[in-house]
$ cat query-v3.txt   # compact mmCIF, C-alpha atoms
# COMPACT_ATOMS: atom_id res chain seq x y z
CA MET A 1 -2.81 129.67 -49.59
CA LYS A 2 -1.92 133.34 -50.06
CA LYS A 3 1.76 132.64 -49.31
CA LEU A 4 1.68 129.63 -51.63
CA LEU A 5 0.25 131.75 -54.46
CA ASN A 6 2.95 134.38 -53.90
CA VAL A 7 5.56 131.69 -54.52
CA LEU A 8 3.92 129.45 -57.15
CA GLY A 9 1.57 131.79 -59.04
CA PRO A 10 4.02 133.28 -61.58
CA GLY A 11 5.70 129.91 -62.25
CA ILE A 12 2.38 128.18 -62.88
CA ILE A 13 1.31 130.96 -65.27
CA THR A 14 4.57 130.52 -67.19
CA ALA A 15 4.00 126.75 -67.39
CA ALA A 16 0.44 127.28 -68.62
CA LEU A 17 1.35 129.76 -71.35
CA VAL A 18 4.25 127.56 -72.60
CA PHE A 19 2.21 124.32 -72.64
CA GLY A 20 -0.14 125.04 -75.54
CA PRO A 21 -1.64 123.01 -78.40
CA SER A 22 1.64 123.06 -80.35
CA LYS A 23 3.47 121.50 -77.37
CA MET A 24 0.79 118.80 -77.12
CA THR A 25 1.13 118.12 -80.84
CA ILE A 26 4.92 117.76 -80.68
CA THR A 27 4.89 115.53 -77.59
CA SER A 28 2.11 113.30 -78.96
CA LYS A 29 4.04 112.84 -82.23
CA MET A 30 7.24 112.03 -80.32
CA GLY A 31 5.50 109.26 -78.39
CA ALA A 32 3.39 107.92 -81.26
CA ASP A 33 6.30 107.80 -83.73
CA TYR A 34 9.28 106.92 -81.50
CA SER A 35 7.76 105.35 -78.37
CA TYR A 36 9.75 106.23 -75.22
CA SER A 37 13.10 106.75 -76.98
CA LEU A 38 12.94 110.59 -76.87
CA MET A 39 12.01 110.86 -73.19
CA TRP A 40 15.51 112.10 -72.34
CA ILE A 41 15.09 115.34 -74.27
CA VAL A 42 12.34 116.44 -71.84
CA PHE A 43 14.86 116.55 -68.99
CA VAL A 44 17.50 118.35 -71.07
CA ALA A 45 15.06 121.06 -72.21
CA LEU A 46 13.64 121.42 -68.70
CA PHE A 47 17.11 121.82 -67.20
CA PHE A 48 17.84 124.88 -69.33
CA MET A 49 14.29 126.23 -68.99
CA GLY A 50 14.64 125.94 -65.22
CA ILE A 51 17.92 127.88 -65.22
CA TYR A 52 16.57 130.77 -67.28
CA THR A 53 13.20 130.85 -65.47
CA ALA A 54 15.09 131.10 -62.17
CA MET A 55 17.17 133.97 -63.59
CA GLY A 56 13.98 135.73 -64.69
CA SER A 57 12.46 135.20 -61.24
CA ARG A 58 15.54 136.65 -59.53
CA ILE A 59 15.60 139.67 -61.82
CA GLY A 60 11.90 140.35 -61.26
CA ALA A 61 12.11 139.92 -57.49
CA SER A 62 15.23 142.06 -56.97
CA GLN A 63 14.57 144.90 -59.45
CA GLU A 64 12.00 147.68 -59.53
CA LYS A 65 12.45 148.32 -63.26
CA SER A 66 11.13 145.86 -65.86
CA LEU A 67 13.56 143.63 -67.76
CA LEU A 68 13.05 145.53 -71.03
CA THR A 69 13.67 148.83 -69.21
CA LEU A 70 16.89 147.41 -67.76
CA ILE A 71 18.01 146.33 -71.23
CA LYS A 72 17.21 149.76 -72.69
CA THR A 73 18.92 151.56 -69.78
CA TYR A 74 22.10 149.55 -69.39
CA PHE A 75 22.68 147.99 -72.81
CA SER A 76 20.84 149.11 -75.93
CA LYS A 77 17.55 150.95 -76.33
CA PRO A 78 17.02 149.71 -79.93
CA ILE A 79 17.51 146.09 -78.83
CA GLY A 80 15.00 146.52 -76.00
CA ILE A 81 12.42 148.01 -78.38
CA ALA A 82 13.11 145.32 -81.01
CA ILE A 83 12.58 142.54 -78.45
CA GLY A 84 9.21 144.01 -77.38
CA ILE A 85 7.98 144.46 -80.96
CA GLY A 86 9.34 141.06 -82.00
CA VAL A 87 7.60 139.22 -79.16
CA PHE A 88 4.33 140.99 -80.04
CA LEU A 89 4.61 139.87 -83.69
CA VAL A 90 5.46 136.28 -82.74
CA ALA A 91 2.62 136.15 -80.19
CA THR A 92 0.17 137.50 -82.77
CA SER A 93 1.35 135.04 -85.42
CA PHE A 94 0.93 132.01 -83.15
CA GLN A 95 -2.30 133.18 -81.48
CA ALA A 96 -4.44 131.62 -84.22
CA GLY A 97 -3.14 128.18 -83.18
CA ASN A 98 -4.34 128.72 -79.61
CA SER A 99 -7.75 129.91 -80.82
CA ILE A 100 -8.06 126.88 -83.11
CA GLY A 101 -7.06 124.59 -80.24
CA VAL A 102 -9.90 125.92 -78.09
CA GLY A 103 -12.39 125.55 -80.96
CA ILE A 104 -11.35 122.00 -81.83
CA ALA A 105 -11.24 120.81 -78.20
CA ILE A 106 -14.82 121.87 -77.42
CA GLY A 107 -16.11 121.29 -80.95
CA GLU A 108 -14.89 117.66 -81.04
CA ALA A 109 -16.13 116.95 -77.51
CA THR A 110 -19.62 118.40 -78.17
CA GLY A 111 -20.05 117.75 -81.91
CA THR A 112 -20.42 121.45 -82.72
CA ALA A 113 -18.67 123.86 -85.11
CA PRO A 114 -15.24 124.95 -83.79
CA TYR A 115 -15.60 128.59 -84.97
CA ILE A 116 -18.45 129.14 -82.47
CA TRP A 117 -16.09 128.38 -79.58
CA VAL A 118 -13.22 130.38 -81.09
CA ILE A 119 -15.40 133.50 -81.02
CA THR A 120 -16.98 132.67 -77.64
CA PHE A 121 -13.71 132.19 -75.79
CA THR A 122 -11.98 135.12 -77.47
CA VAL A 123 -14.80 137.37 -76.24
CA LEU A 124 -14.56 135.75 -72.81
CA GLY A 125 -10.77 136.30 -72.76
CA ILE A 126 -11.19 140.00 -73.60
CA CYS A 127 -13.86 140.38 -70.91
CA LEU A 128 -11.47 138.88 -68.34
CA LEU A 129 -8.97 141.64 -69.19
CA PHE A 130 -11.28 144.29 -67.81
CA PHE A 131 -11.89 142.74 -64.40
CA PRO A 132 -10.70 145.09 -61.61
CA SER A 133 -7.57 143.00 -60.99
CA PHE A 134 -6.72 141.10 -64.16
CA TYR A 135 -3.55 139.56 -62.72
CA LYS A 136 -5.50 137.95 -59.84
CA VAL A 137 -8.10 136.64 -62.28
CA MET A 138 -5.44 135.32 -64.66
CA GLU A 139 -3.47 133.65 -61.87
CA LYS A 140 -6.50 131.83 -60.47
CA LEU A 141 -7.67 130.89 -63.97
CA MET A 142 -4.24 129.51 -64.93
CA ILE A 143 -3.96 127.50 -61.71
CA ALA A 144 -7.44 126.04 -62.32
CA LEU A 145 -6.59 125.17 -65.93
CA VAL A 146 -3.26 123.60 -64.94
CA LEU A 147 -5.00 121.49 -62.27
CA LEU A 148 -7.60 120.52 -64.88
CA MET A 149 -4.88 119.46 -67.34
CA LEU A 150 -2.99 117.52 -64.66
CA ALA A 151 -6.18 115.66 -63.66
CA CYS A 152 -7.00 114.77 -67.27
CA PHE A 153 -3.51 113.59 -68.16
CA VAL A 154 -3.08 111.57 -64.95
CA ALA A 155 -6.47 109.91 -65.53
CA THR A 156 -5.47 109.09 -69.13
CA LEU A 157 -2.15 107.66 -67.93
CA PHE A 158 -3.95 105.27 -65.59
CA LEU A 159 -5.71 103.79 -68.62
CA ALA A 160 -2.43 103.24 -70.48
CA ASP A 161 -0.27 100.14 -70.09
CA ILE A 162 3.13 101.73 -69.47
CA ASP A 163 6.26 99.70 -70.22
CA PHE A 164 8.58 100.92 -67.46
CA GLY A 165 11.57 99.05 -68.89
CA GLU A 166 11.27 100.92 -72.20
CA PHE A 167 10.63 104.14 -70.29
CA ALA A 168 13.94 103.69 -68.46
CA LYS A 169 15.73 103.04 -71.77
CA GLY A 170 14.26 106.26 -73.12
CA LEU A 171 16.16 108.24 -70.49
CA VAL A 172 19.42 107.33 -72.26
CA PRO A 173 20.10 109.96 -74.98
CA SER A 174 19.60 108.70 -78.53
CA ILE A 175 18.27 110.22 -81.75
CA PRO A 176 16.34 107.63 -83.80
CA GLU A 177 16.45 108.03 -87.56
CA GLY A 178 14.12 110.81 -88.71
CA SER A 179 13.52 112.20 -85.21
CA LEU A 180 15.95 115.15 -85.27
CA GLY A 181 13.26 117.61 -86.39
CA LEU A 182 11.03 116.68 -83.45
CA VAL A 183 13.96 116.91 -81.02
CA ILE A 184 14.74 120.43 -82.25
CA ALA A 185 11.06 121.46 -82.23
CA PHE A 186 10.50 120.18 -78.69
CA THR A 187 13.67 121.78 -77.32
CA ALA A 188 12.83 125.12 -78.96
CA SER A 189 9.26 125.10 -77.62
CA CYS A 190 9.97 123.76 -74.11
CA PHE A 191 13.13 125.83 -73.55
CA SER A 192 11.03 128.98 -73.99
CA LEU A 193 13.18 132.06 -73.43
CA VAL A 194 10.13 134.26 -74.02
CA GLY A 195 8.42 132.46 -71.12
CA ALA A 196 11.52 132.86 -68.93
CA PHE A 197 11.72 136.55 -69.91
CA TYR A 198 8.08 137.16 -68.99
CA GLN A 199 8.54 135.36 -65.66
CA SER A 200 10.30 138.50 -64.40
CA TYR A 201 7.22 140.58 -65.32
CA LEU A 202 4.88 138.18 -63.52
CA ILE A 203 6.97 138.36 -60.36
CA GLN A 204 6.88 142.17 -60.49
CA GLU A 205 3.13 142.21 -61.21
CA ARG A 206 2.47 140.10 -58.12
CA LYS A 207 4.88 142.28 -56.10
CA LYS A 208 2.89 145.40 -57.06
CA MET A 209 -0.39 143.70 -56.29
CA THR A 210 0.59 142.57 -52.79
CA ALA A 211 2.77 145.64 -52.00
CA GLU A 212 5.01 143.30 -50.04
CA PRO A 213 8.71 142.41 -50.41
CA VAL A 214 9.33 139.22 -52.37
CA ASP A 215 11.44 136.36 -51.04
CA ILE A 216 13.93 135.89 -53.88
CA LYS A 217 14.84 132.28 -53.06
CA LYS A 218 11.18 131.29 -52.83
CA SER A 219 10.51 133.02 -56.16
CA GLU A 220 13.27 130.93 -57.73
CA ARG A 221 11.80 127.75 -56.25
CA GLY A 222 8.36 128.75 -57.53
CA GLY A 223 9.83 129.07 -61.02
CA PHE A 224 11.32 125.57 -60.73
CA VAL A 225 7.96 124.17 -59.63
CA GLY A 226 6.30 125.71 -62.69
CA VAL A 227 8.94 124.18 -64.96
CA GLY A 228 8.44 120.82 -63.20
CA ILE A 229 4.70 120.99 -63.91
CA LEU A 230 5.46 121.83 -67.56
CA GLY A 231 7.70 118.75 -67.74
CA PHE A 232 5.15 116.46 -66.10
CA MET A 233 2.43 117.47 -68.56
CA SER A 234 4.78 117.02 -71.53
CA MET A 235 5.83 113.58 -70.30
CA SER A 236 2.23 112.54 -69.63
CA VAL A 237 1.16 113.19 -73.22
CA MET A 238 4.30 111.53 -74.61
CA ILE A 239 3.93 108.45 -72.37
CA CYS A 240 0.26 108.07 -73.29
CA ALA A 241 1.09 108.22 -77.01
CA ALA A 242 4.04 105.82 -76.57
CA ALA A 243 2.00 103.31 -74.55
CA VAL A 244 -1.21 103.39 -76.58
CA LEU A 245 -0.58 104.62 -80.14
CA PHE A 246 2.97 103.42 -80.91
CA PRO A 247 2.26 99.66 -80.43
CA LYS A 248 -0.70 99.93 -82.81
CA GLY A 249 1.25 101.93 -85.41
CA ILE A 250 -1.13 104.91 -85.14
CA HIS A 251 0.54 108.15 -86.26
CA VAL A 252 -0.93 111.54 -85.40
CA GLY A 253 -0.43 114.98 -86.89
CA SER A 254 -1.94 117.02 -84.07
CA ALA A 255 -3.13 116.82 -80.47
CA ALA A 256 -6.73 116.73 -81.74
CA GLU A 257 -5.91 113.66 -83.85
CA MET A 258 -4.46 112.01 -80.75
CA GLY A 259 -7.73 112.61 -78.92
CA LYS A 260 -9.64 110.98 -81.79
CA ALA A 261 -7.18 108.07 -81.89
CA LEU A 262 -7.80 107.35 -78.20
CA GLU A 263 -11.56 107.02 -78.68
CA PRO A 264 -11.69 103.51 -80.25
CA LEU A 265 -9.08 102.31 -77.75
CA PHE A 266 -10.38 103.84 -74.50
CA GLY A 267 -13.95 104.83 -75.36
CA ARG A 268 -15.75 108.12 -75.90
CA HIS A 269 -15.44 109.34 -72.30
CA ALA A 270 -11.67 108.87 -72.13
CA SER A 271 -11.29 110.62 -75.47
CA SER A 272 -13.44 113.49 -74.19
CA LEU A 273 -11.20 113.65 -71.11
CA PHE A 274 -8.18 114.21 -73.35
CA PHE A 275 -10.03 116.96 -75.23
CA VAL A 276 -10.73 118.67 -71.89
CA GLY A 277 -6.96 118.64 -71.32
CA LEU A 278 -6.44 120.09 -74.81
CA PHE A 279 -8.94 122.84 -74.01
CA GLY A 280 -7.03 123.67 -70.82
CA ALA A 281 -3.77 123.90 -72.77
CA ALA A 282 -5.31 125.99 -75.57
CA PHE A 283 -7.28 128.46 -73.43
CA SER A 284 -4.42 129.03 -70.97
CA SER A 285 -2.10 129.74 -73.91
CA LEU A 286 -4.74 131.93 -75.58
CA ILE A 287 -4.78 134.18 -72.50
CA GLY A 288 -1.08 133.87 -71.61
CA ASN A 289 0.34 134.27 -75.12
CA ALA A 290 -1.75 137.40 -75.77
CA THR A 291 -0.75 138.84 -72.38
CA VAL A 292 2.95 138.38 -73.11
CA GLY A 293 2.68 139.96 -76.56
CA GLY A 294 0.60 142.94 -75.42
CA ALA A 295 2.55 143.64 -72.21
CA LEU A 296 5.98 143.54 -73.86
CA LEU A 297 4.88 145.74 -76.76
CA GLY A 298 3.47 148.21 -74.25
CA ASP A 299 6.77 148.22 -72.37
CA ALA A 300 8.76 148.65 -75.61
CA LEU A 301 6.62 151.63 -76.66
CA GLY A 302 6.94 153.33 -73.27
CA PHE A 303 3.40 152.55 -72.03
CA GLY A 304 4.69 150.30 -69.24
CA SER A 305 3.73 146.65 -68.79
CA SER A 306 1.21 146.83 -65.95
CA LEU A 307 -1.78 144.57 -66.53
CA SER A 308 -3.97 147.28 -64.99
CA SER A 309 -3.02 149.73 -67.79
CA VAL A 310 -5.83 150.35 -70.31
CA LYS A 311 -3.26 150.73 -73.13
CA VAL A 312 -1.69 147.35 -72.30
CA LYS A 313 -5.13 145.74 -72.10
CA PHE A 314 -5.92 147.16 -75.54
CA LEU A 315 -2.73 145.66 -77.01
CA ILE A 316 -3.52 142.27 -75.41
CA SER A 317 -7.01 142.47 -76.95
CA VAL A 318 -5.48 143.14 -80.38
CA VAL A 319 -3.49 139.90 -80.18
CA MET A 320 -6.62 137.95 -79.22
CA ILE A 321 -8.80 139.50 -81.92
CA LEU A 322 -6.27 139.00 -84.73
CA GLY A 323 -5.75 135.37 -83.67
CA SER A 324 -9.47 134.64 -83.67
CA ILE A 325 -9.97 136.30 -87.08
CA VAL A 326 -7.29 134.10 -88.65
CA ALA A 327 -8.73 131.01 -86.91
CA VAL A 328 -12.28 131.67 -88.18
CA LEU A 329 -11.22 132.61 -91.73
CA PHE A 330 -8.72 129.81 -92.34
CA GLY A 331 -9.60 127.11 -89.79
CA LYS A 332 -5.90 126.50 -89.26
CA LEU A 333 -2.67 128.44 -88.78
CA PRO A 334 -1.63 129.53 -92.32
CA LEU A 335 1.81 128.43 -93.47
CA GLU A 336 2.76 132.05 -94.24
CA LEU A 337 2.16 133.07 -90.61
CA ILE A 338 4.19 130.10 -89.35
CA VAL A 339 7.09 131.11 -91.62
CA ILE A 340 6.90 134.75 -90.46
CA ALA A 341 6.77 133.76 -86.78
CA GLN A 342 9.64 131.27 -87.15
CA SER A 343 11.75 133.79 -89.05
CA ILE A 344 11.30 136.43 -86.34
CA THR A 345 11.84 133.89 -83.57
CA ILE A 346 15.10 132.57 -85.08
CA PHE A 347 16.81 135.94 -84.75
CA LEU A 348 14.89 137.23 -81.71
CA VAL A 349 15.45 134.39 -79.23
CA PRO A 350 19.28 134.65 -79.07
CA PHE A 351 18.95 138.36 -78.17
CA ILE A 352 16.44 137.46 -75.43
CA GLY A 353 18.72 134.77 -74.03
CA ILE A 354 21.82 136.97 -74.12
CA SER A 355 19.87 139.84 -72.50
CA ILE A 356 18.63 137.70 -69.59
CA TYR A 357 22.10 136.21 -69.11
CA ALA A 358 23.87 139.59 -69.27
CA ILE A 359 21.49 141.26 -66.78
CA ALA A 360 21.63 138.32 -64.36
CA ASN A 361 25.47 138.33 -64.60
CA SER A 362 25.81 142.07 -63.98
CA LYS A 363 27.08 142.81 -60.48
CA LYS A 364 26.23 146.49 -61.06
CA ILE A 365 22.56 145.71 -61.65
CA MET A 366 21.96 142.59 -59.53
CA GLY A 367 24.27 143.23 -56.56
CA GLU A 368 24.24 140.20 -54.25
CA GLN A 369 21.70 138.46 -56.50
CA VAL A 370 24.16 138.17 -59.39
CA ASN A 371 24.51 134.73 -60.99
CA ASN A 372 26.61 132.22 -59.07
CA THR A 373 28.97 129.79 -60.82
CA PHE A 374 26.25 127.19 -61.44
CA TYR A 375 24.00 129.69 -63.22
CA LYS A 376 26.91 131.16 -65.17
CA ILE A 377 27.94 127.74 -66.53
CA GLY A 378 24.38 126.45 -67.03
CA GLY A 379 23.29 129.71 -68.65
CA ALA A 380 26.26 129.70 -71.02
CA LEU A 381 25.46 126.11 -72.05
CA GLY A 382 21.85 127.19 -72.61
CA LEU A 383 22.99 129.97 -74.93
CA PHE A 384 25.09 127.42 -76.82
CA VAL A 385 21.98 125.23 -77.27
CA ILE A 386 19.99 128.26 -78.50
CA LEU A 387 22.69 129.11 -81.06
CA ILE A 388 22.67 125.49 -82.33
CA LEU A 389 18.88 125.68 -82.69
CA MET A 390 19.19 129.00 -84.53
CA VAL A 391 21.75 127.62 -87.01
CA SER A 392 19.62 124.52 -87.55
CA ASN A 393 16.48 126.59 -88.19
CA VAL A 394 18.29 128.98 -90.54
CA TYR A 395 19.57 125.97 -92.52
CA ASP A 396 16.12 124.34 -92.67
CA MET A 397 14.31 127.53 -93.70
CA PHE A 398 16.73 129.29 -96.01
CA LEU A 399 19.51 126.94 -97.15
CA LYS A 400 18.06 123.44 -97.36
$ encode --input "query-v3.txt" --output "structure tokens"
Amino acid sequence: MKKLLNVLGPGIITAALVFGPSKMTITSKMGADYSYSLMWIVFVALFFMGIYTAMGSRIGASQEKSLLTLIKTYFSKPIGIAIGIGVFLVATSFQAGNSIGVGIAIGEATGTAPYIWVITFTVLGICLLFFPSFYKVMEKLMIALVLLMLACFVATLFLADIDFGEFAKGLVPSIPEGSLGLVIAFTASCFSLVGAFYQSYLIQERKKMTAEPVDIKKSERGGFVGVGILGFMSMSVMICAAAVLFPKGIHVGSAAEMGKALEPLFGRHASSLFFVGLFGAAFSSLIGNATVGGALLGDALGFGSSLSSVKVKFLISVVMILGSIVAVLFGKLPLELIVIAQSITIFLVPFIGISIYAIANSKKIMGEQVNNTFYKIGGALGLFVILILMVSNVYDMFLK
């Protein structure tokens, strides 16, 4: 089990922090509105996410310095600092959505006010930070939450009447009328360069904790397993929505609405099961998102990124507290915060992608672990996809 955790732990954490309430919302809308026809995009997004997560794993396993430190040392100090500050701002902006997801999941399942659970689990998350070994606690918690989500989604799938013929057709690329926005949103959220970037930090955190050399190939495979789990959970929600909601013409605007929509079809217990899955997604992202934002800001400011550092724990707490305050005051993620986060992300993500690609391609830095031809071609195609997403988002936000 210890060896298995060494390999899979960081990848599972990355999967858990990427698969949050917003991902569940997007995938449920894709299935409810377009049936199985957008299934293909899951595999495309996962392909590129797998490539960049593997690069992050290799960088973390082979280097003693953090990825931001490498960027500041070998390329540009201002870019390294800007990435750290930018990720902190994006994490803080989106944290309210994770807090709201936790509140809604437990509130709907128990018939209580969501804000009670927002406050409760924010306090619990901050308390977890100050355990003697926060990384160990976070790793075990994330694995438990991922297993919980997998169990809930698999159980829900068994209740659905899946049309395997239509599922197979959905693997052929097509963009139904009106679906382009969802395709872009899913690709941008699933192909998470911030998650791939932080994968290198997780590998190094585990390396420090065990004080043992890391098998680089196994670390890569662990990253692929995490991405595979992310894909399975995304497909499970989409298939459930396609099989159950699409035939009845039920449209949903959020993952919580999907849980409600399942109740008259499957019964209260099955609906509650889905809300348990939503809680797992929300709470894992609440912890993971805040950890990414706090650790990278700490690294950018010269405090380091160690999860045992009191300064880093303080910055992680700030992300959690600000997210919960917005969630309690507004009850939803305000449009202004979404716009701010999207604006920062549009211009930040290409720098993150180029930085990972440049470090992983540098023979001087990586030595024998430099990218091979497959990663060079796949990584370049991934950057092309990111640039297309950036242009599309700039057009939608500022020119449309």
$ residues_near_point --input "query-v3.txt" --point "(1.1, 144.5, -78.9)" --cutoff "7 Å" --atoms "all atoms listed in the file" --output "number ranges by chain"
A: 88, 293-295, 297-298, 315-316, 318-319
$ residues_around --input "query-v3.txt" --residues "Ala282 in chain A" --least-positions-apart "4" --cutoff "9 Å" --atoms "all atoms listed in the file" --output "ChimeraX atom specification"
/A:17,19-22,97-103,105,277-278,286-287
$ write_last_selection --input "query-v3.txt" --atoms "C-alpha atoms" --output "mmCIF file, in the frame of the given file"
data_model
loop_
_atom_site.group_PDB
_atom_site.id
_atom_site.type_symbol
_atom_site.label_atom_id
_atom_site.label_comp_id
_atom_site.auth_asym_id
_atom_site.auth_seq_id
_atom_site.Cartn_x
_atom_site.Cartn_y
_atom_site.Cartn_z
ATOM 1 C CA LEU A 17 1.350 129.760 -71.350
ATOM 2 C CA PHE A 19 2.210 124.320 -72.640
ATOM 3 C CA GLY A 20 -0.140 125.040 -75.540
ATOM 4 C CA PRO A 21 -1.640 123.010 -78.400
ATOM 5 C CA SER A 22 1.640 123.060 -80.350
ATOM 6 C CA GLY A 97 -3.140 128.180 -83.180
ATOM 7 C CA ASN A 98 -4.340 128.720 -79.610
ATOM 8 C CA SER A 99 -7.750 129.910 -80.820
ATOM 9 C CA ILE A 100 -8.060 126.880 -83.110
ATOM 10 C CA GLY A 101 -7.060 124.590 -80.240
ATOM 11 C CA VAL A 102 -9.900 125.920 -78.090
ATOM 12 C CA GLY A 103 -12.390 125.550 -80.960
ATOM 13 C CA ALA A 105 -11.240 120.810 -78.200
ATOM 14 C CA GLY A 277 -6.960 118.640 -71.320
ATOM 15 C CA LEU A 278 -6.440 120.090 -74.810
ATOM 16 C CA LEU A 286 -4.740 131.930 -75.580
ATOM 17 C CA ILE A 287 -4.780 134.180 -72.500
#
$ residues_around --input "query-v3.txt" --residues "Val118 in chain A" --least-positions-apart "3" --cutoff "10 Å" --atoms "all atoms listed in the file" --output "JSON, numbers by chain"
{"A": [96, 98, 99, 100, 101, 102, 103, 104, 106, 107, 113, 114, 115, 121, 122, 123, 124, 283, 323, 324, 325, 327, 328, 331]}
$ residues_near_point --input "query-v3.txt" --point "(-2.7, 110.2, -86.5)" --cutoff "12 Å" --atoms "all atoms listed in the file" --output "ChimeraX atom specification"
/A:25,28-33,241,245-246,248-262
$ residues_around --input "query-v3.txt" --residues "Ser236 in chain A" --least-positions-apart "6" --cutoff "8 Å" --atoms "all atoms listed in the file" --output "compact mmCIF listing (two decimals) with C-alpha atoms, keeping the file's coordinate frame"
# COMPACT_ATOMS: atom_id res chain seq x y z
CA PHE A 153 -3.51 113.59 -68.16
CA VAL A 154 -3.08 111.57 -64.95
CA LEU A 157 -2.15 107.66 -67.93
$ closest_residue --input "query-v3.txt" --among "A:Asn393, A:Thr92, A:Gln369, A:Asn361" --to "Asn289 in chain A" --atoms "all atoms listed in the file"
A:Thr92
$ closest_residue --input "query-v3.txt" --among "A:Thr345, A:Ser306, A:Ser93, A:Ser317" --to "Lys65 in chain A" --atoms "all atoms listed in the file"
A:Ser306
$ closest_residue --input "query-v3.txt" --among "A:Ser362, A:Thr110, A:Ser57, A:Ser66" --to "Gly80 in chain A" --atoms "only C-alpha atoms"
A:Ser66
$ closest_residue --input "query-v3.txt" --among "A:Ile184, A:Met238, A:Phe232, A:Asp299" --to "Met390 in chain A" --atoms "only C-alpha atoms"
A:Ile184
$ closest_residue --input "query-v3.txt" --among "A:Val391, A:Val310, A:Ile229, A:Leu145" --to "Phe130 in chain A" --atoms "all atoms listed in the file"
A:Val310
$ atom_distance --input "query-v3.txt" --atom1 "CA of Lys169 in chain A" --atom2 "CA of Gly181 in chain A"
20.8 Å
$ residues_around --input "query-v3.txt" --residues "range 38-44 of chain A" --least-positions-apart "6" --cutoff "12 Å" --atoms "all atoms listed in the file" --output "count of residues only"
56
$ atom_distance --input "query-v3.txt" --atom1 "CA of Gly60 in chain A" --atom2 "CA of Ile344 in chain A"
25.4 Å
$ residues_around --input "query-v3.txt" --residues "Phe351 in chain A" --least-positions-apart "6" --cutoff "12 Å" --atoms "only C-alpha atoms" --output "number ranges by chain"
A: 68, 71, 75-76, 78-84, 86-87, 193-194, 197, 344-345, 357-358, 383, 386-387, 390
$ atom_distance --input "query-v3.txt" --atom1 "CA of Ile388 in chain A" --atom2 "CA of Leu348 in chain A"
14.1 Å
$ closest_residue --input "query-v3.txt" --among "A:Cys127, A:Ile116, A:Ile216, A:Pro247" --to "Tyr36 in chain A" --atoms "only C-alpha atoms"
A:Pro247
